[in-house]
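Shown next: input_34.tsv, given as TSV, N, CA and C atoms and all ligand atoms.
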```
chain	number	residue	atom	x	y	z
T	1364	MET	N	5.23	-11.63	-60.64
T	1364	MET	CA	3.85	-11.30	-60.25
T	1364	MET	C	3.87	-10.56	-58.91
T	1365	SER	N	3.28	-9.40	-58.89
T	1365	SER	CA	3.17	-8.68	-57.63
T	1365	SER	C	1.70	-8.41	-57.35
T	1366	TYR	N	1.42	-8.13	-56.13
T	1366	TYR	CA	0.04	-7.91	-55.72
T	1366	TYR	C	-0.09	-6.55	-55.05
T	1367	TYR	N	-1.24	-5.96	-55.24
T	1367	TYR	CA	-1.47	-4.67	-54.60
T	1367	TYR	C	-2.94	-4.55	-54.20
T	1368	CYS	N	-3.18	-3.76	-53.21
T	1368	CYS	CA	-4.54	-3.58	-52.73
T	1368	CYS	C	-5.24	-2.48	-53.52
T	1369	PRO	N	-6.37	-2.80	-54.17
T	1369	PRO	CA	-7.06	-1.80	-54.99
T	1369	PRO	C	-7.64	-0.66	-54.16
T	1370	VAL	N	-7.94	-0.93	-52.90
T	1370	VAL	CA	-8.50	0.12	-52.04
T	1370	VAL	C	-7.41	1.10	-51.61
T	1371	CYS	N	-6.26	0.55	-51.20
T	1371	CYS	CA	-5.13	1.40	-50.81
T	1371	CYS	C	-4.68	2.26	-51.98
T	1372	ASN	N	-4.83	1.73	-53.18
T	1372	ASN	CA	-4.38	2.44	-54.37
T	1372	ASN	C	-5.47	3.31	-55.00
T	1373	GLY	N	-6.60	3.39	-54.34
T	1373	GLY	CA	-7.66	4.28	-54.81
T	1373	GLY	C	-8.39	3.79	-56.04
T	1374	LEU	N	-8.27	2.50	-56.36
T	1374	LEU	CA	-8.90	1.97	-57.56
T	1374	LEU	C	-10.29	1.40	-57.27
T	1375	GLN	N	-10.56	1.19	-56.02
T	1375	GLN	CA	-11.82	0.56	-55.66
T	1375	GLN	C	-12.21	1.03	-54.25
T	1376	ASN	N	-13.50	1.22	-54.05
T	1376	ASN	CA	-13.96	1.55	-52.71
T	1376	ASN	C	-14.20	0.27	-51.93
T	1377	ALA	N	-13.92	0.34	-50.64
T	1377	ALA	CA	-14.22	-0.81	-49.79
T	1377	ALA	C	-15.71	-0.77	-49.48
T	1378	ALA	N	-16.50	-1.25	-50.42
T	1378	ALA	CA	-17.95	-1.22	-50.28
T	1378	ALA	C	-18.41	-2.34	-49.37
T	1379	VAL	N	-18.32	-2.08	-48.09
T	1379	VAL	CA	-18.65	-3.10	-47.10
T	1379	VAL	C	-19.79	-2.61	-46.22
T	1380	ARG	N	-20.70	-3.52	-45.93
T	1380	ARG	CA	-21.82	-3.19	-45.05
T	1380	ARG	C	-21.49	-3.60	-43.62
T	1381	CYS	N	-21.98	-2.87	-42.67
T	1381	CYS	CA	-21.79	-3.17	-41.27
T	1381	CYS	C	-22.41	-4.53	-40.92
T	1382	PRO	N	-21.65	-5.41	-40.26
T	1382	PRO	CA	-22.18	-6.73	-39.90
T	1382	PRO	C	-23.26	-6.66	-38.82
T	1383	LYS	N	-23.35	-5.56	-38.15
T	1383	LYS	CA	-24.34	-5.44	-37.08
T	1383	LYS	C	-25.65	-4.84	-37.57
T	1384	CYS	N	-25.57	-3.77	-38.35
T	1384	CYS	CA	-26.79	-3.07	-38.73
T	1384	CYS	C	-26.95	-2.95	-40.24
T	1385	ALA	N	-26.00	-3.46	-41.00
T	1385	ALA	CA	-26.04	-3.42	-42.46
T	1385	ALA	C	-25.99	-2.01	-43.00
T	1386	GLY	N	-25.58	-1.09	-42.18
T	1386	GLY	CA	-25.44	0.30	-42.63
T	1386	GLY	C	-24.15	0.49	-43.41
T	1387	PRO	N	-24.01	1.62	-44.04
T	1387	PRO	CA	-22.80	1.91	-44.82
T	1387	PRO	C	-21.60	2.15	-43.92
T	1388	ALA	N	-20.49	1.53	-44.27
T	1388	ALA	CA	-19.28	1.68	-43.47
T	1388	ALA	C	-18.22	2.40	-44.29
T	1389	GLU	N	-17.42	3.18	-43.62
T	1389	GLU	CA	-16.35	3.89	-44.31
T	1389	GLU	C	-15.01	3.26	-43.98
T	1390	ASP	N	-14.12	3.37	-44.93
T	1390	ASP	CA	-12.78	2.82	-44.79
T	1390	ASP	C	-11.93	3.74	-43.93
T	1391	CYS	N	-11.35	3.19	-42.87
T	1391	CYS	CA	-10.47	3.99	-42.01
T	1391	CYS	C	-9.00	3.74	-42.31
T	1392	GLY	N	-8.75	2.92	-43.31
T	1392	GLY	CA	-7.37	2.68	-43.68
T	1392	GLY	C	-6.92	1.27	-43.34
T	1393	ARG	N	-5.68	1.02	-43.64
T	1393	ARG	CA	-5.14	-0.31	-43.39
T	1393	ARG	C	-5.05	-0.59	-41.90
T	1394	PHE	N	-5.26	-1.84	-41.57
T	1394	PHE	CA	-5.19	-2.26	-40.18
T	1394	PHE	C	-3.83	-1.94	-39.59
T	1395	ASN	N	-2.78	-2.22	-40.32
T	1395	ASN	CA	-1.42	-1.95	-39.85
T	1395	ASN	C	-1.24	-0.48	-39.53
T	1396	ASP	N	-1.70	0.36	-40.43
T	1396	ASP	CA	-1.53	1.79	-40.25
T	1396	ASP	C	-2.38	2.29	-39.08
T	1397	PHE	N	-3.54	1.68	-38.97
T	1397	PHE	CA	-4.47	2.11	-37.94
T	1397	PHE	C	-3.90	1.89	-36.54
T	1398	LEU	N	-3.19	0.79	-36.38
T	1398	LEU	CA	-2.61	0.48	-35.08
T	1398	LEU	C	-1.50	1.44	-34.72
T	1399	GLY	N	-0.85	1.97	-35.71
T	1399	GLY	CA	0.19	2.95	-35.46
T	1399	GLY	C	1.54	2.30	-35.28
T	1400	PRO	N	2.59	3.11	-35.42
T	1400	PRO	CA	3.97	2.58	-35.39
T	1400	PRO	C	4.40	2.09	-34.02
T	1401	TYR	N	3.73	2.51	-32.98
T	1401	TYR	CA	4.18	2.14	-31.64
T	1401	TYR	C	3.49	0.88	-31.10
T	1402	ALA	N	2.51	0.40	-31.82
T	1402	ALA	CA	1.83	-0.82	-31.40
T	1402	ALA	C	1.47	-1.64	-32.63
T	1403	PRO	N	2.48	-2.01	-33.41
T	1403	PRO	CA	2.22	-2.60	-34.73
T	1403	PRO	C	1.46	-3.91	-34.70
T	1404	TYR	N	1.67	-4.71	-33.67
T	1404	TYR	CA	1.04	-6.03	-33.70
T	1404	TYR	C	0.27	-6.31	-32.41
T	1405	ARG	N	-0.05	-5.28	-31.73
T	1405	ARG	CA	-0.66	-5.43	-30.40
T	1405	ARG	C	-1.96	-6.23	-30.43
T	1406	ALA	N	-2.79	-5.97	-31.40
T	1406	ALA	CA	-4.15	-6.52	-31.38
T	1406	ALA	C	-4.24	-7.91	-32.01
T	1407	ILE	N	-3.17	-8.36	-32.61
T	1407	ILE	CA	-3.27	-9.61	-33.36
T	1407	ILE	C	-3.61	-10.79	-32.44
T	1408	ASP	N	-2.95	-10.88	-31.31
T	1408	ASP	CA	-3.25	-11.96	-30.39
T	1408	ASP	C	-4.67	-11.85	-29.87
T	1409	ASP	N	-5.09	-10.63	-29.63
T	1409	ASP	CA	-6.43	-10.40	-29.12
T	1409	ASP	C	-7.49	-10.92	-30.09
T	1410	MET	N	-7.19	-10.82	-31.35
T	1410	MET	CA	-8.16	-11.21	-32.36
T	1410	MET	C	-8.15	-12.71	-32.63
T	1411	ASN	N	-7.18	-13.38	-32.05
T	1411	ASN	CA	-7.10	-14.83	-32.20
T	1411	ASN	C	-7.07	-15.23	-33.67
T	1412	LEU	N	-6.18	-14.62	-34.39
T	1412	LEU	CA	-6.09	-14.89	-35.81
T	1412	LEU	C	-5.46	-16.24	-36.07
T	1413	SER	N	-5.90	-16.86	-37.13
T	1413	SER	CA	-5.33	-18.14	-37.50
T	1413	SER	C	-3.93	-17.94	-38.09
T	1414	ASN	N	-3.16	-18.98	-38.11
T	1414	ASN	CA	-1.81	-18.91	-38.66
T	1414	ASN	C	-1.85	-18.48	-40.13
T	1415	GLY	N	-0.97	-17.58	-40.45
T	1415	GLY	CA	-0.87	-17.18	-41.84
T	1415	GLY	C	-1.88	-16.16	-42.28
T	1416	PHE	N	-2.79	-15.85	-41.42
T	1416	PHE	CA	-3.82	-14.88	-41.76
T	1416	PHE	C	-3.22	-13.56	-42.19
T	1417	TYR	N	-2.18	-13.20	-41.50
T	1417	TYR	CA	-1.58	-11.91	-41.73
T	1417	TYR	C	-0.49	-11.94	-42.79
T	1418	ASP	N	-0.26	-13.12	-43.29
T	1418	ASP	CA	0.85	-13.31	-44.23
T	1418	ASP	C	0.55	-12.65	-45.57
T	1419	ARG	N	1.56	-12.01	-46.10
T	1419	ARG	CA	1.40	-11.38	-47.40
T	1419	ARG	C	1.09	-12.42	-48.47
T	1420	ALA	N	1.47	-13.66	-48.21
T	1420	ALA	CA	1.23	-14.71	-49.19
T	1420	ALA	C	-0.25	-14.95	-49.42
T	1421	ASN	N	-1.08	-14.53	-48.48
T	1421	ASN	CA	-2.51	-14.68	-48.65
T	1421	ASN	C	-3.09	-13.61	-49.57
T	1422	HIS	N	-2.29	-12.59	-49.82
T	1422	HIS	CA	-2.71	-11.51	-50.71
T	1422	HIS	C	-4.02	-10.87	-50.29
T	1423	VAL	N	-4.10	-10.59	-49.04
T	1423	VAL	CA	-5.22	-9.80	-48.57
T	1423	VAL	C	-4.69	-8.59	-47.83
T	1424	CYS	N	-5.44	-7.52	-47.89
T	1424	CYS	CA	-5.09	-6.30	-47.20
T	1424	CYS	C	-6.20	-6.07	-46.16
T	1425	VAL	N	-5.81	-6.01	-44.91
T	1425	VAL	CA	-6.80	-5.86	-43.85
T	1425	VAL	C	-7.12	-4.38	-43.65
T	1426	HIS	N	-8.38	-4.05	-43.78
T	1426	HIS	CA	-8.79	-2.66	-43.60
T	1426	HIS	C	-9.70	-2.52	-42.40
T	1427	VAL	N	-9.56	-1.41	-41.73
T	1427	VAL	CA	-10.44	-1.10	-40.61
T	1427	VAL	C	-11.62	-0.31	-41.14
T	1428	MET	N	-12.82	-0.78	-40.84
T	1428	MET	CA	-14.03	-0.13	-41.29
T	1428	MET	C	-14.78	0.45	-40.10
T	1429	HIS	N	-15.46	1.54	-40.37
T	1429	HIS	CA	-16.22	2.20	-39.31
T	1429	HIS	C	-17.62	2.45	-39.81
T	1430	CYS	N	-18.61	1.92	-39.08
T	1430	CYS	CA	-19.99	2.07	-39.50
T	1430	CYS	C	-20.48	3.49	-39.20
T	1431	LEU	N	-21.03	4.12	-40.21
T	1431	LEU	CA	-21.51	5.49	-40.05
T	1431	LEU	C	-22.82	5.53	-39.28
T	1432	ALA	N	-23.52	4.40	-39.24
T	1432	ALA	CA	-24.83	4.37	-38.61
T	1432	ALA	C	-24.77	4.05	-37.12
T	1433	CYS	N	-23.99	3.01	-36.76
T	1433	CYS	CA	-24.00	2.57	-35.36
T	1433	CYS	C	-22.63	2.65	-34.70
T	1434	GLU	N	-21.65	3.21	-35.41
T	1434	GLU	CA	-20.31	3.41	-34.85
T	1434	GLU	C	-19.54	2.11	-34.63
T	1435	HIS	N	-20.06	1.01	-35.12
T	1435	HIS	CA	-19.35	-0.26	-34.97
T	1435	HIS	C	-18.08	-0.24	-35.80
T	1436	GLN	N	-17.01	-0.78	-35.23
T	1436	GLN	CA	-15.74	-0.82	-35.94
T	1436	GLN	C	-15.35	-2.27	-36.14
T	1437	PHE	N	-14.93	-2.59	-37.34
T	1437	PHE	CA	-14.61	-3.99	-37.65
T	1437	PHE	C	-13.55	-4.03	-38.74
T	1438	GLN	N	-13.00	-5.22	-38.96
T	1438	GLN	CA	-12.01	-5.38	-40.01
T	1438	GLN	C	-12.63	-6.08	-41.20
T	1439	THR	N	-12.13	-5.72	-42.36
T	1439	THR	CA	-12.56	-6.41	-43.56
T	1439	THR	C	-11.32	-6.74	-44.38
T	1440	PHE	N	-11.44	-7.75	-45.20
T	1440	PHE	CA	-10.28	-8.24	-45.93
T	1440	PHE	C	-10.43	-7.95	-47.41
T	1441	ILE	N	-9.58	-7.09	-47.89
T	1441	ILE	CA	-9.59	-6.73	-49.30
T	1441	ILE	C	-8.65	-7.67	-50.05
T	1442	HIS	N	-9.19	-8.35	-51.03
T	1442	HIS	CA	-8.34	-9.23	-51.83
T	1442	HIS	C	-7.50	-8.39	-52.79
T	1443	GLU	N	-6.20	-8.59	-52.72
T	1443	GLU	CA	-5.32	-7.81	-53.57
T	1443	GLU	C	-5.37	-8.28	-55.01
T	1444	TRP	N	-5.10	-7.36	-55.88
T	1444	TRP	CA	-5.11	-7.67	-57.31
T	1444	TRP	C	-3.70	-8.04	-57.76
T	1445	SER	N	-3.64	-8.92	-58.70
T	1445	SER	CA	-2.34	-9.34	-59.20
T	1445	SER	C	-1.93	-8.47	-60.39
T	1446	GLN	N	-0.66	-8.32	-60.51
T	1446	GLN	CA	-0.09	-7.51	-61.58
T	1446	GLN	C	1.05	-8.31	-62.18
T	1447	ALA	N	0.94	-8.60	-63.43
T	1447	ALA	CA	1.96	-9.44	-64.07
T	1447	ALA	C	3.28	-8.70	-64.15
B	1501	ZN	ZN	-5.51	-1.96	-48.62
B	1502	ZN	ZN	-23.61	-0.47	-38.01
```

Rewrite the structure of this file - the entire thing - as structure tokens.
Amino acid sequence: MSYYCPVCNGLQNAAVRCPKCAGPAEDCGRFNDFLGPYAPYRAIDDMNLSNGFYDRANHVCVHVMHCLACEHQFQTFIHEWSQA
């Protein structure tokens, strides 16, 4: 059994509303990619993530979203799909 992110694979849009203004938000890509190769885990401590949050075993793909209405930037968790 393997898991993959439907948004990363273009199978599904990250249809997420902005938590601040409920406006439409666009997907800016995976959180890992967004941070870039030179600061791969810089923000994790800042976000005070719980243990295992980032673990692949949770089968979630963290995406960075950007609100088109109020410019708010936030993370959303895409549940990965299983593939037998
Ligand atoms: Zn993804
Ligand atoms: Zn907004």

query: Mind listing the residues within 7 Å of ligand ZN 1502 (chain B), only N, CA and C atoms and all ligand atoms counted, as a list of chain:residue names?
result: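 Answer in the requested format: T:Arg1380, T:Cys1381, T:Pro1382, T:Lys1383, T:Cys1384, T:Ala1385, T:Gly1386, T:Pro1387, T:His1429, T:Cys1430, T:Leu1431, T:Ala1432, T:Cys1433, T:Glu1434, T:His1435.
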
Export N, CA and C atoms of the chosen residues as a PDB file, in the frame of the given file?
```pdb
ATOM      1  N   ARG T1380     -20.700  -3.520 -45.930  1.00  0.00           N
ATOM      2  CA  ARG T1380     -21.820  -3.190 -45.050  1.00  0.00           C
ATOM      3  C   ARG T1380     -21.490  -3.600 -43.620  1.00  0.00           C
ATOM      4  N   CYS T1381     -21.980  -2.870 -42.670  1.00  0.00           N
ATOM      5  CA  CYS T1381     -21.790  -3.170 -41.270  1.00  0.00           C
ATOM      6  C   CYS T1381     -22.410  -4.530 -40.920  1.00  0.00           C
ATOM      7  N   PRO T1382     -21.650  -5.410 -40.260  1.00  0.00           N
ATOM      8  CA  PRO T1382     -22.180  -6.730 -39.900  1.00  0.00           C
ATOM      9  C   PRO T1382     -23.260  -6.660 -38.820  1.00  0.00           C
ATOM     10  N   LYS T1383     -23.350  -5.560 -38.150  1.00  0.00           N
ATOM     11  CA  LYS T1383     -24.340  -5.440 -37.080  1.00  0.00           C
ATOM     12  C   LYS T1383     -25.650  -4.840 -37.570  1.00  0.00           C
ATOM     13  N   CYS T1384     -25.570  -3.770 -38.350  1.00  0.00           N
ATOM     14  CA  CYS T1384     -26.790  -3.070 -38.730  1.00  0.00           C
ATOM     15  C   CYS T1384     -26.950  -2.950 -40.240  1.00  0.00           C
ATOM     16  N   ALA T1385     -26.000  -3.460 -41.000  1.00  0.00           N
ATOM     17  CA  ALA T1385     -26.040  -3.420 -42.460  1.00  0.00           C
ATOM     18  C   ALA T1385     -25.990  -2.010 -43.000  1.00  0.00           C
ATOM     19  N   GLY T1386     -25.580  -1.090 -42.180  1.00  0.00           N
ATOM     20  CA  GLY T1386     -25.440   0.300 -42.630  1.00  0.00           C
ATOM     21  C   GLY T1386     -24.150   0.490 -43.410  1.00  0.00           C
ATOM     22  N   PRO T1387     -24.010   1.620 -44.040  1.00  0.00           N
ATOM     23  CA  PRO T1387     -22.800   1.910 -44.820  1.00  0.00           C
ATOM     24  C   PRO T1387     -21.600   2.150 -43.920  1.00  0.00           C
ATOM     25  N   HIS T1429     -15.460   1.540 -40.370  1.00  0.00           N
ATOM     26  CA  HIS T1429     -16.220   2.200 -39.310  1.00  0.00           C
ATOM     27  C   HIS T1429     -17.620   2.450 -39.810  1.00  0.00           C
ATOM     28  N   CYS T1430     -18.610   1.920 -39.080  1.00  0.00           N
ATOM     29  CA  CYS T1430     -19.990   2.070 -39.500  1.00  0.00           C
ATOM     30  C   CYS T1430     -20.480   3.490 -39.200  1.00  0.00           C
ATOM     31  N   LEU T1431     -21.030   4.120 -40.210  1.00  0.00           N
ATOM     32  CA  LEU T1431     -21.510   5.490 -40.050  1.00  0.00           C
ATOM     33  C   LEU T1431     -22.820   5.530 -39.280  1.00  0.00           C
ATOM     34  N   ALA T1432     -23.520   4.400 -39.240  1.00  0.00           N
ATOM     35  CA  ALA T1432     -24.830   4.370 -38.610  1.00  0.00           C
ATOM     36  C   ALA T1432     -24.770   4.050 -37.120  1.00  0.00           C
ATOM     37  N   CYS T1433     -23.990   3.010 -36.760  1.00  0.00           N
ATOM     38  CA  CYS T1433     -24.000   2.570 -35.360  1.00  0.00           C
ATOM     39  C   CYS T1433     -22.630   2.650 -34.700  1.00  0.00           C
ATOM     40  N   GLU T1434     -21.650   3.210 -35.410  1.00  0.00           N
ATOM     41  CA  GLU T1434     -20.310   3.410 -34.850  1.00  0.00           C
ATOM     42  C   GLU T1434     -19.540   2.110 -34.630  1.00  0.00           C
ATOM     43  N   HIS T1435     -20.060   1.010 -35.120  1.00  0.00           N
ATOM     44  CA  HIS T1435     -19.350  -0.260 -34.970  1.00  0.00           C
ATOM     45  C   HIS T1435     -18.080  -0.240 -35.800  1.00  0.00           C
TER      46      HIS T1435
END
```

- prompt: What is the distance between CA of His1426 (chain T) and CA of Cys1371 (chain T), in Å to one decimal?
  reply: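 The value is 9.0 Å.
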
- prompt: Which one of T:Val1379, T:Val1425, T:Met1364, T:Ala1388 sits closest to ligand ZN 1501 (chain B) if you count all atoms listed in the file?
  reply: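 So, comparing all the options, the nearest one is T:Val1425.
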
task: Give the residues close to ligand ZN 1501 (chain B), within 6.5 Å, counting all atoms listed in the file; write them as a list in words.
output: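 So the residues close to ligand ZN 1501 (chain B) are Cys1368, Pro1369, Val1370, Cys1371, Asn1372, Gly1392, Arg1393, Cys1424, Val1425, His1426 and Ile1441 of chain T.
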
message: Quick check, in Å to one decimal: how far apart do atom N of Cys1391 (chain T) and CA of His1422 (chain T) lie?
response: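 We find that atom N of Cys1391 (chain T) and CA of His1422 (chain T) lie 18.8 Å from each other.
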
query: For Met1428 (chain T), which residue among T:Glu1389, T:Ala1378, T:Ser1445, T:Phe1394 is the nearest when counting all atoms listed in the file?
result: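 With all atoms listed in the file as the atom set, the closest residue is T:Glu1389.
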
message: Just to confirm, what's the straight-line distance from CA of Tyr1367 (chain T) to CA of Glu1443 (chain T) in Å (one decimal)?
response: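 Taking CA of Tyr1367 (chain T) as the start and CA of Glu1443 (chain T) as the end point, the length is 5.1 Å.
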
query: With only C-alpha atoms as the basis for distance, which of T:Phe1440, T:Gln1446, T:Asn1376, T:Asp1390 is at the shortest distance from Asn1421 (chain T)?
result: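 So, comparing all the options, the nearest one is T:Phe1440.
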